[in-house]
file start-v7.cif (mmCIF, C-alpha atoms)
data_entry
loop_
_atom_site.group_PDB
_atom_site.id
_atom_site.type_symbol
_atom_site.label_atom_id
_atom_site.label_comp_id
_atom_site.auth_asym_id
_atom_site.auth_seq_id
_atom_site.Cartn_x
_atom_site.Cartn_y
_atom_site.Cartn_z
ATOM 1 C CA MET Q 1 87.802 130.873 92.577
ATOM 2 C CA LYS Q 2 90.219 130.871 89.643
ATOM 3 C CA ARG Q 3 91.711 134.145 90.878
ATOM 4 C CA LEU Q 4 92.271 132.642 94.315
ATOM 5 C CA ILE Q 5 94.043 129.626 92.841
ATOM 6 C CA LEU Q 6 96.143 131.860 90.587
ATOM 7 C CA ALA Q 7 97.051 134.079 93.555
ATOM 8 C CA LEU Q 8 98.097 131.049 95.614
ATOM 9 C CA LEU Q 9 100.197 129.711 92.729
ATOM 10 C CA LEU Q 10 101.911 133.083 92.378
ATOM 11 C CA LEU Q 11 102.639 133.155 96.116
ATOM 12 C CA VAL Q 12 104.234 129.729 95.859
ATOM 13 C CA ALA Q 13 106.023 130.559 92.613
ATOM 14 C CA LEU Q 14 107.684 133.732 93.942
ATOM 15 C CA PRO Q 15 109.877 131.997 96.548
ATOM 16 C CA LEU Q 16 110.596 129.221 94.065
ATOM 17 C CA SER Q 17 111.696 131.733 91.437
ATOM 18 C CA VAL Q 18 114.085 133.290 93.968
ATOM 19 C CA LEU Q 19 115.513 129.832 94.695
ATOM 20 C CA ALA Q 20 115.784 129.095 90.974
ATOM 21 C CA ALA Q 21 117.737 132.315 90.483
ATOM 22 C CA ASP Q 22 120.046 131.005 93.182
ATOM 23 C CA GLY Q 23 120.989 128.080 90.974
ATOM 24 C CA SER Q 24 118.645 125.658 92.688
ATOM 25 C CA LYS Q 25 117.574 122.623 90.727
ATOM 26 C CA PHE Q 26 113.917 121.563 90.413
ATOM 27 C CA GLY Q 27 112.336 118.528 88.833
ATOM 28 C CA SER Q 28 109.060 116.731 88.495
ATOM 29 C CA VAL Q 29 107.975 113.109 88.382
ATOM 30 C CA ASP Q 30 104.833 111.758 86.757
ATOM 31 C CA ILE Q 31 103.991 109.166 89.421
ATOM 32 C CA GLN Q 32 101.123 107.734 87.363
ATOM 33 C CA LYS Q 33 103.408 107.122 84.396
ATOM 34 C CA VAL Q 34 106.020 105.386 86.552
ATOM 35 C CA LEU Q 35 103.283 103.319 88.172
ATOM 36 C CA LEU Q 36 101.895 102.169 84.820
ATOM 37 C CA MET Q 37 105.202 101.635 83.000
ATOM 38 C CA SER Q 38 107.291 100.110 85.776
ATOM 39 C CA ASP Q 39 107.907 96.395 86.058
ATOM 40 C CA ALA Q 40 106.214 96.402 89.474
ATOM 41 C CA GLY Q 41 103.158 98.173 88.059
ATOM 42 C CA LYS Q 42 102.911 95.693 85.193
ATOM 43 C CA GLU Q 43 103.234 92.753 87.615
ATOM 44 C CA ALA Q 44 100.471 94.176 89.805
ATOM 45 C CA LYS Q 45 98.255 94.691 86.757
ATOM 46 C CA ASP Q 46 98.859 91.077 85.682
ATOM 47 C CA GLN Q 47 98.023 89.760 89.166
ATOM 48 C CA LEU Q 48 94.820 91.804 89.238
ATOM 49 C CA GLY Q 49 93.971 90.578 85.742
ATOM 50 C CA GLN Q 50 94.373 86.955 86.807
ATOM 51 C CA LYS Q 51 92.207 87.495 89.864
ATOM 52 C CA ALA Q 52 89.586 89.276 87.747
ATOM 53 C CA ALA Q 53 89.599 86.389 85.246
ATOM 54 C CA LYS Q 54 88.872 83.912 88.055
ATOM 55 C CA TYR Q 55 85.973 86.049 89.254
ATOM 56 C CA GLU Q 56 84.721 86.359 85.676
ATOM 57 C CA ALA Q 57 84.720 82.567 85.257
ATOM 58 C CA GLU Q 58 82.825 82.142 88.521
ATOM 59 C CA LYS Q 59 80.389 84.843 87.413
ATOM 60 C CA GLY Q 60 79.720 82.946 84.169
ATOM 61 C CA THR Q 61 79.050 79.707 86.032
ATOM 62 C CA ARG Q 62 76.643 81.391 88.412
ATOM 63 C CA GLU Q 63 74.837 83.187 85.583
ATOM 64 C CA THR Q 64 74.365 79.870 83.759
ATOM 65 C CA GLU Q 65 72.878 78.297 86.888
ATOM 66 C CA LEU Q 66 70.529 81.242 87.356
ATOM 67 C CA LYS Q 67 69.362 81.093 83.744
ATOM 68 C CA LYS Q 68 68.754 77.358 84.084
ATOM 69 C CA LEU Q 69 66.707 77.847 87.264
ATOM 70 C CA LYS Q 70 64.701 80.655 85.707
ATOM 71 C CA GLY Q 71 64.051 78.540 82.614
ATOM 72 C CA GLU Q 72 62.855 75.636 84.757
ATOM 73 C CA LEU Q 73 60.659 77.970 86.755
ATOM 74 C CA GLU Q 74 59.081 79.429 83.617
ATOM 75 C CA SER Q 75 58.618 76.085 81.832
ATOM 76 C CA GLN Q 76 57.416 74.106 84.846
ATOM 77 C CA GLY Q 77 55.661 76.947 86.653
ATOM 78 C CA VAL Q 78 52.267 76.188 85.178
ATOM 79 C CA MET Q 79 52.517 72.450 85.900
ATOM 80 C CA LEU Q 80 53.762 72.774 89.512
ATOM 81 C CA ASN Q 81 51.408 73.125 92.435
ATOM 82 C CA GLU Q 82 51.514 76.389 94.348
ATOM 83 C CA SER Q 83 53.776 75.055 97.104
ATOM 84 C CA ALA Q 84 56.361 73.600 94.699
ATOM 85 C CA ARG Q 85 56.294 76.744 92.532
ATOM 86 C CA GLY Q 86 56.805 78.917 95.646
ATOM 87 C CA SER Q 87 59.706 76.740 96.725
ATOM 88 C CA LYS Q 88 61.373 77.050 93.302
ATOM 89 C CA GLU Q 89 60.828 80.824 93.284
ATOM 90 C CA ARG Q 90 62.366 81.173 96.756
ATOM 91 C CA ASP Q 91 65.339 79.048 95.637
ATOM 92 C CA TYR Q 92 65.784 81.242 92.575
ATOM 93 C CA GLN Q 93 65.548 84.460 94.621
ATOM 94 C CA GLN Q 94 68.053 83.107 97.161
ATOM 95 C CA ARG Q 95 70.546 82.225 94.432
ATOM 96 C CA LEU Q 96 70.023 85.606 92.785
ATOM 97 C CA LYS Q 97 70.867 87.333 96.092
ATOM 98 C CA GLU Q 98 73.962 85.155 96.453
ATOM 99 C CA TYR Q 99 74.991 86.055 92.909
ATOM 100 C CA GLN Q 100 74.563 89.788 93.574
ATOM 101 C CA ARG Q 101 76.501 89.469 96.833
ATOM 102 C CA PHE Q 102 79.249 87.595 94.969
ATOM 103 C CA LEU Q 103 79.494 90.397 92.376
ATOM 104 C CA LYS Q 104 79.782 93.071 95.072
ATOM 105 C CA ASP Q 105 82.335 91.079 97.075
ATOM 106 C CA ALA Q 106 84.412 90.412 93.951
ATOM 107 C CA GLN Q 107 84.376 94.087 92.995
ATOM 108 C CA ASP Q 108 85.306 95.144 96.542
ATOM 109 C CA ASP Q 109 88.124 92.584 96.664
ATOM 110 C CA LEU Q 110 89.572 93.716 93.333
ATOM 111 C CA GLN Q 111 89.386 97.375 94.392
ATOM 112 C CA ALA Q 112 91.070 96.624 97.733
ATOM 113 C CA LYS Q 113 93.867 94.678 96.008
ATOM 114 C CA ASN Q 114 94.330 97.483 93.484
ATOM 115 C CA ASP Q 115 94.543 100.051 96.282
ATOM 116 C CA GLU Q 116 97.008 97.858 98.192
ATOM 117 C CA PHE Q 117 99.285 97.358 95.183
ATOM 118 C CA THR Q 118 99.101 101.026 94.180
ATOM 119 C CA SER Q 119 99.860 102.301 97.666
ATOM 120 C CA LYS Q 120 102.848 100.012 98.088
ATOM 121 C CA ILE Q 121 104.324 100.825 94.679
ATOM 122 C CA VAL Q 122 103.767 104.583 95.032
ATOM 123 C CA ASP Q 123 105.573 104.541 98.403
ATOM 124 C CA GLU Q 124 108.524 102.822 96.724
ATOM 125 C CA ILE Q 125 108.495 105.303 93.820
ATOM 126 C CA VAL Q 126 108.559 108.228 96.243
ATOM 127 C CA LYS Q 127 111.607 106.768 98.015
ATOM 128 C CA VAL Q 128 113.408 106.274 94.708
ATOM 129 C CA ALA Q 129 112.551 109.841 93.603
ATOM 130 C CA GLN Q 130 113.858 111.203 96.920
ATOM 131 C CA ASP Q 131 117.061 109.215 96.534
ATOM 132 C CA TYR Q 132 117.422 110.383 92.928
ATOM 133 C CA GLY Q 133 116.933 114.002 94.006
ATOM 134 C CA LYS Q 134 119.567 113.752 96.738
ATOM 135 C CA LYS Q 135 122.130 112.034 94.503
ATOM 136 C CA ASN Q 136 121.654 114.500 91.655
ATOM 137 C CA GLY Q 137 121.591 117.756 93.623
ATOM 138 C CA TYR Q 138 117.925 118.682 93.309
ATOM 139 C CA THR Q 139 116.465 121.269 95.648
ATOM 140 C CA ALA Q 140 112.981 119.868 95.102
ATOM 141 C CA ILE Q 141 111.199 117.289 92.993
ATOM 142 C CA PHE Q 142 107.471 117.792 92.593
ATOM 143 C CA VAL Q 143 104.735 115.385 91.634
ATOM 144 C CA LYS Q 144 103.673 116.297 88.115
ATOM 145 C CA SER Q 145 99.976 117.131 88.007
ATOM 146 C CA GLU Q 146 97.400 119.042 86.006
ATOM 147 C CA THR Q 147 97.635 121.960 88.449
ATOM 148 C CA MET Q 148 101.102 122.840 87.159
ATOM 149 C CA ILE Q 149 100.808 125.770 84.780
ATOM 150 C CA TYR Q 150 104.212 125.391 83.165
ATOM 151 C CA LEU Q 151 107.090 123.012 83.576
ATOM 152 C CA ASP Q 152 110.225 123.000 81.499
ATOM 153 C CA PRO Q 153 110.414 119.580 79.834
ATOM 154 C CA ALA Q 154 114.048 119.381 80.919
ATOM 155 C CA ALA Q 155 112.857 119.366 84.546
ATOM 156 C CA ASP Q 156 110.889 116.154 83.998
ATOM 157 C CA VAL Q 157 112.889 113.356 85.652
ATOM 158 C CA THR Q 158 110.181 110.711 85.208
ATOM 159 C CA GLU Q 159 112.199 108.497 82.845
ATOM 160 C CA ALA Q 160 115.265 108.579 85.099
ATOM 161 C CA VAL Q 161 113.186 107.724 88.174
ATOM 162 C CA LEU Q 162 111.413 104.945 86.241
ATOM 163 C CA LYS Q 163 114.753 103.469 85.200
ATOM 164 C CA GLN Q 164 116.167 103.683 88.730
ATOM 165 C CA PHE Q 165 112.944 102.249 90.202
ATOM 166 C CA ASN Q 166 113.058 99.225 87.892
ATOM 167 C CA GLU Q 167 116.744 98.693 88.710
ATOM 168 C CA THR Q 168 116.180 98.818 92.468
ATOM 169 C CA ARG Q 169 113.342 96.290 92.146
ATOM 170 C CA LYS Q 170 115.669 93.827 90.353
ATOM 171 C CA LYS Q 171 118.161 93.835 93.223
#

call {"tool": "encode", "arguments": {"input": "start-v7.cif", "output": "structure tokens"}}
result
Amino acid sequence: MKRLILALLLLVALPLSVLAADGSKFGSVDIQKVLLMSDAGKEAKDQLGQKAAKYEAEKGTRETELKKLKGELESQGVMLNESARGSKERDYQQRLKEYQRFLKDAQDDLQAKNDEFTSKIVDEIVKVAQDYGKKNGYTAIFVKSETMIYLDPAADVTEAVLKQFNETRKK
């Protein structure tokens, strides 16, 4: 498998090396870094943090209620008749299900919001990187990833794209 990947990389690298010999200009952008360090990325993280804090507060309230119900059930269980004890147990089980549903819904909501923010910001970063490449005479700008075997540090345009991205967001 490694040989196949290496062979494919060499096939891709050969035409690129011919273009590079031609005086073509190549760069790379670390999208993840721009996403995390940009003003837009920080704003999205703050918004998600606020939403998560609200869910966390609600979670605490619900946990307290559940503990109280369970405590009542355990302390009064012996004294209650079978019908009343069954009713309290059903109430507790119902609230426990609601709590579990709440946790799943909260997690799903946070994940959906994160995906929404990330997708929107990444689309904007790509546009800025394309614009940067056109304005600065690049033949190609690649997304920096762990599959790259070697990349000249001078080809990394992440900081420039980050700066331009933040500036375009201020306008």

call {"tool": "closest_residue", "arguments": {"input": "start-v7.cif", "among": "Q:Leu73, Q:Glu63, Q:Thr147, Q:Gln100", "to": "Gly86 in chain Q", "atoms": "only C-alpha atoms"}}
result
Q:Leu73

call {"tool": "closest_residue", "arguments": {"input": "start-v7.cif", "among": "Q:Thr118, Q:Gln93, Q:Gln47, Q:Gln164", "to": "Lys70 in chain Q", "atoms": "only C-alpha atoms"}}
result
Q:Gln93

call {"tool": "atom_distance", "arguments": {"input": "start-v7.cif", "atom1": "CA of Gln94 in chain Q", "atom2": "CA of Lys68 in chain Q"}}
result
14.3 Å

call {"tool": "closest_residue", "arguments": {"input": "start-v7.cif", "among": "Q:Ser28, Q:Lys88, Q:Lys163, Q:Glu74", "to": "Tyr150 in chain Q", "atoms": "all atoms listed in the file"}}
result
Q:Ser28

call {"tool": "resolve_selection", "arguments": {"input": "start-v7.cif", "expression": "the PyMOL selection byres ((chain Q and resi 117) around 10)", "output": "PyMOL selection string"}}
result
chain Q and resi 40-41+43-45+47-48+111-116+118-122

call {"tool": "atom_distance", "arguments": {"input": "start-v7.cif", "atom1": "CA of Arg85 in chain Q", "atom2": "CA of Leu69 in chain Q"}}
result
11.7 Å

call {"tool": "resolve_selection", "arguments": {"input": "start-v7.cif", "expression": "the PyMOL selection byres ((chain Q and resi 29) around 8)", "output": "list in words"}}
result
Gly27, Ser28, Asp30, Ile31, Ala129, Ile141, Phe142, Val143, Lys144, Asp156, Val157, Thr158 and Val161 of chain Q

call {"tool": "resolve_selection", "arguments": {"input": "start-v7.cif", "expression": "the PyMOL selection byres ((chain Q and resi 165-167) around 10)", "output": "PDB file with C-alpha atoms, in the frame of the given file"}}
result
ATOM      1  CA  VAL Q  34     106.020 105.386  86.552  1.00  0.00           C
ATOM      2  CA  LEU Q  35     103.283 103.319  88.172  1.00  0.00           C
ATOM      3  CA  MET Q  37     105.202 101.635  83.000  1.00  0.00           C
ATOM      4  CA  SER Q  38     107.291 100.110  85.776  1.00  0.00           C
ATOM      5  CA  ASP Q  39     107.907  96.395  86.058  1.00  0.00           C
ATOM      6  CA  ALA Q  40     106.214  96.402  89.474  1.00  0.00           C
ATOM      7  CA  GLY Q  41     103.158  98.173  88.059  1.00  0.00           C
ATOM      8  CA  ILE Q 121     104.324 100.825  94.679  1.00  0.00           C
ATOM      9  CA  GLU Q 124     108.524 102.822  96.724  1.00  0.00           C
ATOM     10  CA  ILE Q 125     108.495 105.303  93.820  1.00  0.00           C
ATOM     11  CA  VAL Q 126     108.559 108.228  96.243  1.00  0.00           C
ATOM     12  CA  LYS Q 127     111.607 106.768  98.015  1.00  0.00           C
ATOM     13  CA  VAL Q 128     113.408 106.274  94.708  1.00  0.00           C
ATOM     14  CA  ALA Q 129     112.551 109.841  93.603  1.00  0.00           C
ATOM     15  CA  TYR Q 132     117.422 110.383  92.928  1.00  0.00           C
ATOM     16  CA  GLU Q 159     112.199 108.497  82.845  1.00  0.00           C
ATOM     17  CA  ALA Q 160     115.265 108.579  85.099  1.00  0.00           C
ATOM     18  CA  VAL Q 161     113.186 107.724  88.174  1.00  0.00           C
ATOM     19  CA  LEU Q 162     111.413 104.945  86.241  1.00  0.00           C
ATOM     20  CA  LYS Q 163     114.753 103.469  85.200  1.00  0.00           C
ATOM     21  CA  GLN Q 164     116.167 103.683  88.730  1.00  0.00           C
ATOM     22  CA  THR Q 168     116.180  98.818  92.468  1.00  0.00           C
ATOM     23  CA  ARG Q 169     113.342  96.290  92.146  1.00  0.00           C
ATOM     24  CA  LYS Q 170     115.669  93.827  90.353  1.00  0.00           C
ATOM     25  CA  LYS Q 171     118.161  93.835  93.223  1.00  0.00           C
TER      26      LYS Q 171
END

call {"tool": "axis_aligned_box", "arguments": {"input": "start-v7.cif", "around": "range 35-43 of chain Q", "padding_each_side": "4 Å", "output": "lines of an AutoDock Vina configuration file"}}
result
center_x = 104.9
center_y = 98.0
center_z = 86.2
size_x = 14.0
size_y = 18.6
size_z = 14.5

call {"tool": "residues_around", "arguments": {"input": "start-v7.cif", "residues": "Lys25 in chain Q", "least_positions_apart": "4", "cutoff": "7 Å", "atoms": "all atoms listed in the file", "output": "ChimeraX atom specification"}}
result
/Q:20,137-140

call {"tool": "atom_distance", "arguments": {"input": "start-v7.cif", "atom1": "CA of Ala53 in chain Q", "atom2": "CA of Lys97 in chain Q"}}
result
21.7 Å
